[in-house]
Structures are given as structure tokens and as C-alpha cells.
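Undergrad: Sharing run_31.pdb (PDB, C-alpha atoms) below.
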MODEL        1
ATOM      1  CA  MET A   1      17.945  -8.485  28.483
ATOM      2  CA  LYS A   2      16.406 -11.726  27.215
ATOM      3  CA  PHE A   3      13.126 -12.190  25.399
ATOM      4  CA  VAL A   4      11.213 -14.502  23.070
ATOM      5  CA  ILE A   5       9.458 -13.503  19.854
ATOM      6  CA  PRO A   6       6.850 -16.160  18.980
ATOM      7  CA  ILE A   7       7.071 -16.055  15.186
ATOM      8  CA  GLU A   8       8.954 -18.192  12.666
ATOM      9  CA  PRO A   9      12.490 -16.912  12.068
ATOM     10  CA  VAL A  10      13.222 -15.686   8.548
ATOM     11  CA  GLY A  11      16.371 -14.420   6.897
ATOM     12  CA  GLN A  12      17.143 -11.078   5.319
ATOM     13  CA  MET A  13      16.150 -11.046   1.665
ATOM     14  CA  ARG A  14      18.234  -9.551  -1.108
ATOM     15  CA  ALA A  15      17.643  -5.922  -1.948
ATOM     16  CA  ARG A  16      15.587  -5.301  -5.088
ATOM     17  CA  HIS A  17      16.744  -3.026  -7.886
ATOM     18  CA  THR A  18      14.952  -1.131 -10.597
ATOM     19  CA  SER A  19      16.139   1.344 -13.180
ATOM     20  CA  ALA A  20      14.577   4.031 -15.315
ATOM     21  CA  GLY A  21      16.904   5.496 -17.893
ATOM     22  CA  LYS A  22      20.146   6.503 -16.205
ATOM     23  CA  PHE A  23      18.704   6.253 -12.700
ATOM     24  CA  SER A  24      18.654   3.172 -10.545
ATOM     25  CA  ARG A  25      16.874   2.586  -7.267
ATOM     26  CA  THR A  26      17.385  -0.016  -4.555
ATOM     27  CA  TYR A  27      14.462  -0.972  -2.319
ATOM     28  CA  LYS A  28      13.134  -3.675   0.007
ATOM     29  CA  SER A  29      10.480  -6.054  -1.266
ATOM     30  CA  LYS A  30       7.012  -5.814   0.287
ATOM     31  CA  GLN A  31       7.495  -9.298   1.724
ATOM     32  CA  GLN A  32      10.706  -8.166   3.476
ATOM     33  CA  GLN A  33       9.054  -5.019   4.814
ATOM     34  CA  THR A  34       6.106  -7.052   6.140
ATOM     35  CA  ALA A  35       8.465  -9.507   7.891
ATOM     36  CA  GLU A  36      10.381  -6.619   9.498
ATOM     37  CA  ASN A  37       7.202  -4.897  10.674
ATOM     38  CA  ARG A  38       5.897  -8.144  12.162
ATOM     39  CA  LEU A  39       9.163  -8.807  14.005
ATOM     40  CA  LEU A  40       9.255  -5.276  15.403
ATOM     41  CA  ALA A  41       5.595  -5.448  16.455
ATOM     42  CA  PHE A  42       6.291  -8.505  18.623
ATOM     43  CA  ALA A  43       9.588  -7.093  19.922
ATOM     44  CA  ALA A  44       8.124  -3.666  20.788
ATOM     45  CA  GLN A  45       7.102  -4.715  24.287
ATOM     46  CA  HIS A  46      10.771  -5.475  25.082
ATOM     47  CA  CYS A  47      12.246  -2.219  23.707
ATOM     48  CA  PRO A  48      14.327  -0.159  26.093
ATOM     49  CA  ASP A  49      13.221   3.422  26.747
ATOM     50  CA  GLU A  50      16.362   4.640  24.982
ATOM     51  CA  PRO A  51      18.405   2.667  22.432
ATOM     52  CA  MET A  52      21.445   1.063  24.075
ATOM     53  CA  ASP A  53      24.873   2.469  23.324
ATOM     54  CA  GLY A  54      28.400   1.155  23.735
ATOM     55  CA  PRO A  55      29.710  -2.336  22.974
ATOM     56  CA  LEU A  56      26.974  -4.988  22.900
ATOM     57  CA  GLU A  57      26.801  -8.738  22.506
ATOM     58  CA  VAL A  58      23.797 -10.398  20.880
ATOM     59  CA  ARG A  59      22.810 -14.053  20.979
ATOM     60  CA  ILE A  60      20.088 -15.282  18.632
ATOM     61  CA  ASP A  61      18.559 -18.751  18.896
ATOM     62  CA  ALA A  62      16.298 -19.387  15.913
ATOM     63  CA  TYR A  63      13.822 -22.227  16.414
ATOM     64  CA  MET A  64      12.677 -23.415  12.989
ATOM     65  CA  PRO A  65       9.555 -25.505  12.339
ATOM     66  CA  ILE A  66      10.072 -29.242  11.947
ATOM     67  CA  PRO A  67       9.303 -30.235   8.338
ATOM     68  CA  ALA A  68       6.128 -32.320   7.995
ATOM     69  CA  SER A  69       8.032 -34.732   5.731
ATOM     70  CA  MET A  70      10.511 -35.615   8.490
ATOM     71  CA  THR A  71      10.346 -39.237   9.674
ATOM     72  CA  LYS A  72       9.388 -40.010  13.275
ATOM     73  CA  PRO A  73      12.909 -41.097  14.310
ATOM     74  CA  LYS A  74      14.403 -37.918  12.837
ATOM     75  CA  ARG A  75      11.629 -35.900  14.483
ATOM     76  CA  VAL A  76      12.692 -37.266  17.869
ATOM     77  CA  GLN A  77      16.311 -36.316  17.076
ATOM     78  CA  ALA A  78      15.198 -32.833  16.022
ATOM     79  CA  MET A  79      13.219 -32.273  19.217
ATOM     80  CA  SER A  80      16.151 -33.379  21.383
ATOM     81  CA  GLY A  81      18.525 -31.002  19.578
ATOM     82  CA  GLU A  82      20.541 -33.909  18.199
ATOM     83  CA  LEU A  83      19.489 -32.990  14.642
ATOM     84  CA  ARG A  84      19.844 -29.321  13.688
ATOM     85  CA  PRO A  85      18.541 -27.428  10.630
ATOM     86  CA  THR A  86      21.013 -27.157   7.771
ATOM     87  CA  LYS A  87      18.525 -25.591   5.385
ATOM     88  CA  LYS A  88      17.693 -21.992   4.563
ATOM     89  CA  PRO A  89      17.552 -19.423   5.962
ATOM     90  CA  ASP A  90      21.299 -19.203   6.540
ATOM     91  CA  ALA A  91      22.438 -18.199  10.028
ATOM     92  CA  ASP A  92      24.050 -15.005   8.690
ATOM     93  CA  ASN A  93      20.798 -13.954   6.989
ATOM     94  CA  ILE A  94      18.860 -14.620  10.201
ATOM     95  CA  ALA A  95      21.289 -12.361  12.075
ATOM     96  CA  LYS A  96      21.191  -9.659   9.383
ATOM     97  CA  HIS A  97      17.385  -9.579   9.456
ATOM     98  CA  LEU A  98      17.169  -9.162  13.228
ATOM     99  CA  LEU A  99      20.093  -6.737  13.532
ATOM    100  CA  ASP A 100      18.716  -4.490  10.778
ATOM    101  CA  CYS A 101      15.223  -4.507  12.317
ATOM    102  CA  PHE A 102      16.508  -3.614  15.780
ATOM    103  CA  ASN A 103      18.920  -0.920  14.557
ATOM    104  CA  GLY A 104      17.970   2.437  16.081
ATOM    105  CA  VAL A 105      15.356   0.753  18.293
ATOM    106  CA  PHE A 106      17.271  -1.559  20.647
ATOM    107  CA  TRP A 107      20.706  -0.027  19.980
ATOM    108  CA  THR A 108      21.858   3.264  18.497
ATOM    109  CA  ASP A 109      23.680   1.596  15.601
ATOM    110  CA  ASP A 110      24.596  -1.980  14.739
ATOM    111  CA  LYS A 111      28.267  -0.978  14.648
ATOM    112  CA  ASN A 112      27.999  -1.307  18.453
ATOM    113  CA  ILE A 113      27.586  -5.086  18.133
ATOM    114  CA  VAL A 114      30.990  -6.500  19.075
ATOM    115  CA  GLY A 115      29.890 -10.090  19.687
ATOM    116  CA  LEU A 116      27.301 -12.179  17.863
ATOM    117  CA  MET A 117      26.170 -15.791  18.194
ATOM    118  CA  VAL A 118      23.489 -17.317  15.980
ATOM    119  CA  ARG A 119      22.210 -20.857  16.474
ATOM    120  CA  LYS A 120      19.476 -22.756  14.653
ATOM    121  CA  PHE A 121      17.302 -25.465  16.199
ATOM    122  CA  TYR A 122      14.125 -27.346  15.333
ATOM    123  CA  SER A 123      11.000 -26.932  17.443
ATOM    124  CA  ASP A 124       7.256 -27.514  17.403
ATOM    125  CA  SER A 125       6.902 -23.855  18.376
ATOM    126  CA  PRO A 126       8.945 -21.697  15.951
ATOM    127  CA  ARG A 127      10.356 -18.600  17.622
ATOM    128  CA  TRP A 128      13.294 -16.251  18.090
ATOM    129  CA  GLU A 129      15.070 -16.238  21.455
ATOM    130  CA  VAL A 130      17.178 -13.100  21.773
ATOM    131  CA  GLU A 131      19.667 -12.010  24.405
ATOM    132  CA  ILE A 132      21.284  -8.558  24.339
ATOM    133  CA  ARG A 133      23.888  -7.523  26.875
ATOM    134  CA  GLN A 134      26.619  -4.987  27.408
ATOM    135  CA  ALA A 135      30.044  -6.389  26.476
TER     136      ALA A 135
ENDMDL
END
Rewrite the coordinates I just gave you, this time as C-alpha cells.

TA:
Amino acid sequence: MKFVIPIEPVGQMRARHTSAGKFSRTYKSKQQQTAENRLLAFAAQHCPDEPMDGPLEVRIDAYMPIPASMTKPKRVQAMSGELRPTKKPDADNIAKHLLDCFNGVFWTDDKNIVGLMVRKFYSDSPRWEVEIRQA
């Protein structure tokens, strides 16, 4: 299955911690929860009837916005794929965000992911391109 999610890719944020006396609590920030809900809302139309099971391979192409400060020659390189983003979010955080959001929705558990490819590109239309297939 292949699909496109037309929103800017973001990475997984660090978990937040709070403590009261001897007790500590770990939670997601509101910003992280909002990003996850937004991603799932766009992906919902592509959800399988039942979460997939068995070994799966996932390919994620993250198309990041081209910075406004980029010069015209570099912009041309970015659009052709010659220049790729080396800024945050990190590829592993992009993968973590998507895999955690899709856990229990697209697949039964992310332990079923046996192959993963994450690539970052520049584009005038930021988006996620996702491919999920049986391994």
C-alpha cells in the first residue's frame, strides 16, 4: 500500500517528565499529541480494515519545505534532489513519529517492522510519502 499525507513531516519529540514527591510521571507534550492526531486524521482514509500482521517493510519519504533563506541556485538544486536536507528533524525521529502513530492502526505492533527506509528531500509541497508492504 502506498499513500501520501499532505502535511509537513515532523519528528518524534522527547517525552516530558514531572514529579510530585516520590512519584514521577512521563507524558507526551500537547504539541506532540496534536501532531500525532493530525497525522492520523490525514492517514485515516488509507487505514486497512484490520491492522496488518506478520513481517512488514516500511518506506518513508519525508518532503521538507525549502527554507525561504535559501539562494536561488541552491533552491534549484533542492528541487532537483541534488541538495538534500541535513537539518532537523532527524530521519530516526521522523520514523519514530510515524511508526508510533500507526502502531495498532496500520499494523498490530511495530515489532512487526522488519525493514525500514527513511529518506528526506526538499519540496515546495511538504508531505509524507509512505509505502507499507509485507516482507

Undergrad: What's the separation between atom CA of A:Arg84 and atom CA of A:Met13, in Å to one decimal place?

TA: 22.2 Å

Undergrad: Just to confirm, what's the straight-line distance from atom CA of A:Lys120 to atom CA of A:Met70 in Å (one decimal)?

TA: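 So the answer is 16.8 Å.
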
Undergrad: Pick the closest to A:Asp109 from A:Gln134, A:Gly54, A:Asp61, A:Thr71: which is it, counting all atoms listed in the file?

TA: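 Using all atoms listed in the file, the shortest distance to A:Asp109 belongs to A:Gly54.
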
Undergrad: With only C-alpha atoms as the counted atoms, please give the residues lying no more than 12 Å from A:Asn103, apart from itself and same-chain residues fewer than 2 positions off, as a VMD selection string.

TA: chain A and resid 36 40 47 51 to 53 95 to 101 105 to 113

Undergrad: Quick one: residues within 7 Å of stretch 73-79 of chain A, all atoms listed in the file, excluding same-chain residues fewer than 4 positions away - as a short mmCIF file (atom, residue, chain, number, x, y, z; two decimals) with C-alpha atoms, keeping the file's coordinate frame?

TA:
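Output file selection05.cif follows:
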data_model
loop_
_atom_site.label_atom_id
_atom_site.label_comp_id
_atom_site.auth_asym_id
_atom_site.auth_seq_id
_atom_site.Cartn_x
_atom_site.Cartn_y
_atom_site.Cartn_z
CA LEU A 83 19.49 -32.99 14.64
CA ARG A 84 19.84 -29.32 13.69
CA TYR A 122 14.12 -27.35 15.33
CA SER A 123 11.00 -26.93 17.44
#

Undergrad: One decimal, in Å: what's the spacing between atom CA of A:Asp124 and atom CA of A:Phe3?

TA: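 If I compute the distance from atom CA of A:Asp124 to atom CA of A:Phe3, I get 18.3 Å.
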
Undergrad: Looking at all atoms listed in the file, which of A:Pro65, A:Ser80, A:Val58, A:Thr86 is the one that sits closest to A:Ala135?

TA: A:Val58

Undergrad: Here is a test: counting all atoms listed in the file, which residue of A:Leu56, A:Leu116, A:Ala20, A:Ala62 is nearest to A:Ile5?

TA: A:Ala62

Undergrad: As number ranges by chain, please: the residues near A:Met64 (cut-off 10 Å, all atoms listed in the file, same-chain neighbours under 6 positions excluded).

TA: A: 7-10, 84-85, 87-89, 120-128

Undergrad: Determine the nearest neighbour of A:Asp49 from the options A:Gly104, A:Lys2, A:Val118, A:Gln31, counting all atoms listed in the file.

TA: A:Gly104

Undergrad: Expand the PyMOL selection byres ((chain A and resi 132) around 6) into the explicit residue set it covers here, and present it as a ChimeraX atom specification.

TA: /A:1,57-58,131,133

Undergrad: Please determine, counting only C-alpha atoms, which residue among A:Pro6, A:Gly11, A:Pro67, A:Gly21 has the shortest atom-to-atom distance to A:Phe42.

TA: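 Ranking A:Pro6, A:Gly11, A:Pro67, A:Gly21 by distance to A:Phe42, first place goes to A:Pro6.
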
Undergrad: Give me stretch 34-59 of chain A with N, CA, C and O atoms filled in, as a PDB file, in the frame of the given file.

TA:
ATOM      1  N   THR A  34       7.133  -6.441   5.299  1.00  0.00           N
ATOM      2  CA  THR A  34       6.106  -7.052   6.140  1.00  0.00           C
ATOM      3  C   THR A  34       6.753  -7.883   7.244  1.00  0.00           C
ATOM      4  O   THR A  34       6.336  -7.814   8.408  1.00  0.00           O
ATOM      5  N   ALA A  35       7.766  -8.673   6.902  1.00  0.00           N
ATOM      6  CA  ALA A  35       8.465  -9.507   7.891  1.00  0.00           C
ATOM      7  C   ALA A  35       9.129  -8.630   8.954  1.00  0.00           C
ATOM      8  O   ALA A  35       9.073  -8.949  10.149  1.00  0.00           O
ATOM      9  N   GLU A  36       9.740  -7.527   8.549  1.00  0.00           N
ATOM     10  CA  GLU A  36      10.381  -6.619   9.498  1.00  0.00           C
ATOM     11  C   GLU A  36       9.352  -5.976  10.427  1.00  0.00           C
ATOM     12  O   GLU A  36       9.572  -5.890  11.636  1.00  0.00           O
ATOM     13  N   ASN A  37       8.246  -5.528   9.869  1.00  0.00           N
ATOM     14  CA  ASN A  37       7.202  -4.897  10.674  1.00  0.00           C
ATOM     15  C   ASN A  37       6.623  -5.876  11.694  1.00  0.00           C
ATOM     16  O   ASN A  37       6.359  -5.513  12.840  1.00  0.00           O
ATOM     17  N   ARG A  38       6.448  -7.120  11.272  1.00  0.00           N
ATOM     18  CA  ARG A  38       5.897  -8.144  12.162  1.00  0.00           C
ATOM     19  C   ARG A  38       6.871  -8.432  13.305  1.00  0.00           C
ATOM     20  O   ARG A  38       6.471  -8.529  14.467  1.00  0.00           O
ATOM     21  N   LEU A  39       8.148  -8.558  12.983  1.00  0.00           N
ATOM     22  CA  LEU A  39       9.163  -8.807  14.005  1.00  0.00           C
ATOM     23  C   LEU A  39       9.216  -7.661  15.009  1.00  0.00           C
ATOM     24  O   LEU A  39       9.217  -7.879  16.217  1.00  0.00           O
ATOM     25  N   LEU A  40       9.212  -6.445  14.511  1.00  0.00           N
ATOM     26  CA  LEU A  40       9.255  -5.276  15.403  1.00  0.00           C
ATOM     27  C   LEU A  40       7.992  -5.155  16.251  1.00  0.00           C
ATOM     28  O   LEU A  40       8.065  -4.733  17.404  1.00  0.00           O
ATOM     29  N   ALA A  41       6.847  -5.520  15.699  1.00  0.00           N
ATOM     30  CA  ALA A  41       5.595  -5.448  16.455  1.00  0.00           C
ATOM     31  C   ALA A  41       5.646  -6.370  17.673  1.00  0.00           C
ATOM     32  O   ALA A  41       5.234  -5.984  18.772  1.00  0.00           O
ATOM     33  N   PHE A  42       6.177  -7.580  17.497  1.00  0.00           N
ATOM     34  CA  PHE A  42       6.291  -8.505  18.623  1.00  0.00           C
ATOM     35  C   PHE A  42       7.386  -8.084  19.593  1.00  0.00           C
ATOM     36  O   PHE A  42       7.272  -8.293  20.790  1.00  0.00           O
ATOM     37  N   ALA A  43       8.456  -7.484  19.080  1.00  0.00           N
ATOM     38  CA  ALA A  43       9.588  -7.093  19.922  1.00  0.00           C
ATOM     39  C   ALA A  43       9.338  -5.784  20.667  1.00  0.00           C
ATOM     40  O   ALA A  43      10.034  -5.490  21.640  1.00  0.00           O
ATOM     41  N   ALA A  44       8.358  -5.005  20.235  1.00  0.00           N
ATOM     42  CA  ALA A  44       8.124  -3.666  20.788  1.00  0.00           C
ATOM     43  C   ALA A  44       7.960  -3.664  22.302  1.00  0.00           C
ATOM     44  O   ALA A  44       8.429  -2.745  22.975  1.00  0.00           O
ATOM     45  N   GLN A  45       7.322  -4.686  22.838  1.00  0.00           N
ATOM     46  CA  GLN A  45       7.102  -4.715  24.287  1.00  0.00           C
ATOM     47  C   GLN A  45       8.398  -4.889  25.080  1.00  0.00           C
ATOM     48  O   GLN A  45       8.418  -4.675  26.290  1.00  0.00           O
ATOM     49  N   HIS A  46       9.490  -5.263  24.415  1.00  0.00           N
ATOM     50  CA  HIS A  46      10.771  -5.475  25.082  1.00  0.00           C
ATOM     51  C   HIS A  46      11.756  -4.334  24.841  1.00  0.00           C
ATOM     52  O   HIS A  46      12.872  -4.364  25.355  1.00  0.00           O
ATOM     53  N   CYS A  47      11.358  -3.336  24.059  1.00  0.00           N
ATOM     54  CA  CYS A  47      12.246  -2.219  23.707  1.00  0.00           C
ATOM     55  C   CYS A  47      12.652  -1.422  24.933  1.00  0.00           C
ATOM     56  O   CYS A  47      11.819  -1.138  25.793  1.00  0.00           O
ATOM     57  N   PRO A  48      13.923  -1.046  25.003  1.00  0.00           N
ATOM     58  CA  PRO A  48      14.327  -0.159  26.093  1.00  0.00           C
ATOM     59  C   PRO A  48      13.776   1.247  25.842  1.00  0.00           C
ATOM     60  O   PRO A  48      13.415   1.585  24.717  1.00  0.00           O
ATOM     61  N   ASP A  49      13.711   2.049  26.893  1.00  0.00           N
ATOM     62  CA  ASP A  49      13.221   3.422  26.747  1.00  0.00           C
ATOM     63  C   ASP A  49      14.096   4.212  25.783  1.00  0.00           C
ATOM     64  O   ASP A  49      13.602   5.004  24.994  1.00  0.00           O
ATOM     65  N   GLU A  50      15.399   4.000  25.876  1.00  0.00           N
ATOM     66  CA  GLU A  50      16.362   4.640  24.982  1.00  0.00           C
ATOM     67  C   GLU A  50      17.193   3.537  24.339  1.00  0.00           C
ATOM     68  O   GLU A  50      17.535   2.561  25.010  1.00  0.00           O
ATOM     69  N   PRO A  51      17.534   3.674  23.051  1.00  0.00           N
ATOM     70  CA  PRO A  51      18.405   2.667  22.432  1.00  0.00           C
ATOM     71  C   PRO A  51      19.731   2.547  23.193  1.00  0.00           C
ATOM     72  O   PRO A  51      20.279   3.547  23.658  1.00  0.00           O
ATOM     73  N   MET A  52      20.196   1.310  23.356  1.00  0.00           N
ATOM     74  CA  MET A  52      21.445   1.063  24.075  1.00  0.00           C
ATOM     75  C   MET A  52      22.629   1.564  23.252  1.00  0.00           C
ATOM     76  O   MET A  52      22.571   1.585  22.029  1.00  0.00           O
ATOM     77  N   ASP A  53      23.677   1.973  23.974  1.00  0.00           N
ATOM     78  CA  ASP A  53      24.873   2.469  23.324  1.00  0.00           C
ATOM     79  C   ASP A  53      26.064   1.737  23.912  1.00  0.00           C
ATOM     80  O   ASP A  53      25.962   1.096  24.949  1.00  0.00           O
ATOM     81  N   GLY A  54      27.200   1.829  23.265  1.00  0.00           N
ATOM     82  CA  GLY A  54      28.400   1.155  23.735  1.00  0.00           C
ATOM     83  C   GLY A  54      28.475  -0.257  23.168  1.00  0.00           C
ATOM     84  O   GLY A  54      27.599  -0.688  22.415  1.00  0.00           O
ATOM     85  N   PRO A  55      29.528  -0.993  23.520  1.00  0.00           N
ATOM     86  CA  PRO A  55      29.710  -2.336  22.974  1.00  0.00           C
ATOM     87  C   PRO A  55      28.653  -3.309  23.493  1.00  0.00           C
ATOM     88  O   PRO A  55      28.394  -3.378  24.690  1.00  0.00           O
ATOM     89  N   LEU A  56      28.043  -4.047  22.559  1.00  0.00           N
ATOM     90  CA  LEU A  56      26.974  -4.988  22.900  1.00  0.00           C
ATOM     91  C   LEU A  56      27.262  -6.366  22.329  1.00  0.00           C
ATOM     92  O   LEU A  56      27.908  -6.494  21.287  1.00  0.00           O
ATOM     93  N   GLU A  57      26.754  -7.374  23.006  1.00  0.00           N
ATOM     94  CA  GLU A  57      26.801  -8.738  22.506  1.00  0.00           C
ATOM     95  C   GLU A  57      25.366  -9.214  22.313  1.00  0.00           C
ATOM     96  O   GLU A  57      24.501  -8.934  23.143  1.00  0.00           O
ATOM     97  N   VAL A  58      25.137  -9.916  21.204  1.00  0.00           N
ATOM     98  CA  VAL A  58      23.797 -10.398  20.880  1.00  0.00           C
ATOM     99  C   VAL A  58      23.866 -11.902  20.633  1.00  0.00           C
ATOM    100  O   VAL A  58      24.748 -12.377  19.914  1.00  0.00           O
ATOM    101  N   ARG A  59      22.945 -12.626  21.239  1.00  0.00           N
ATOM    102  CA  ARG A  59      22.810 -14.053  20.979  1.00  0.00           C
ATOM    103  C   ARG A  59      21.412 -14.294  20.417  1.00  0.00           C
ATOM    104  O   ARG A  59      20.422 -13.840  20.981  1.00  0.00           O
TER     105      ARG A  59
END
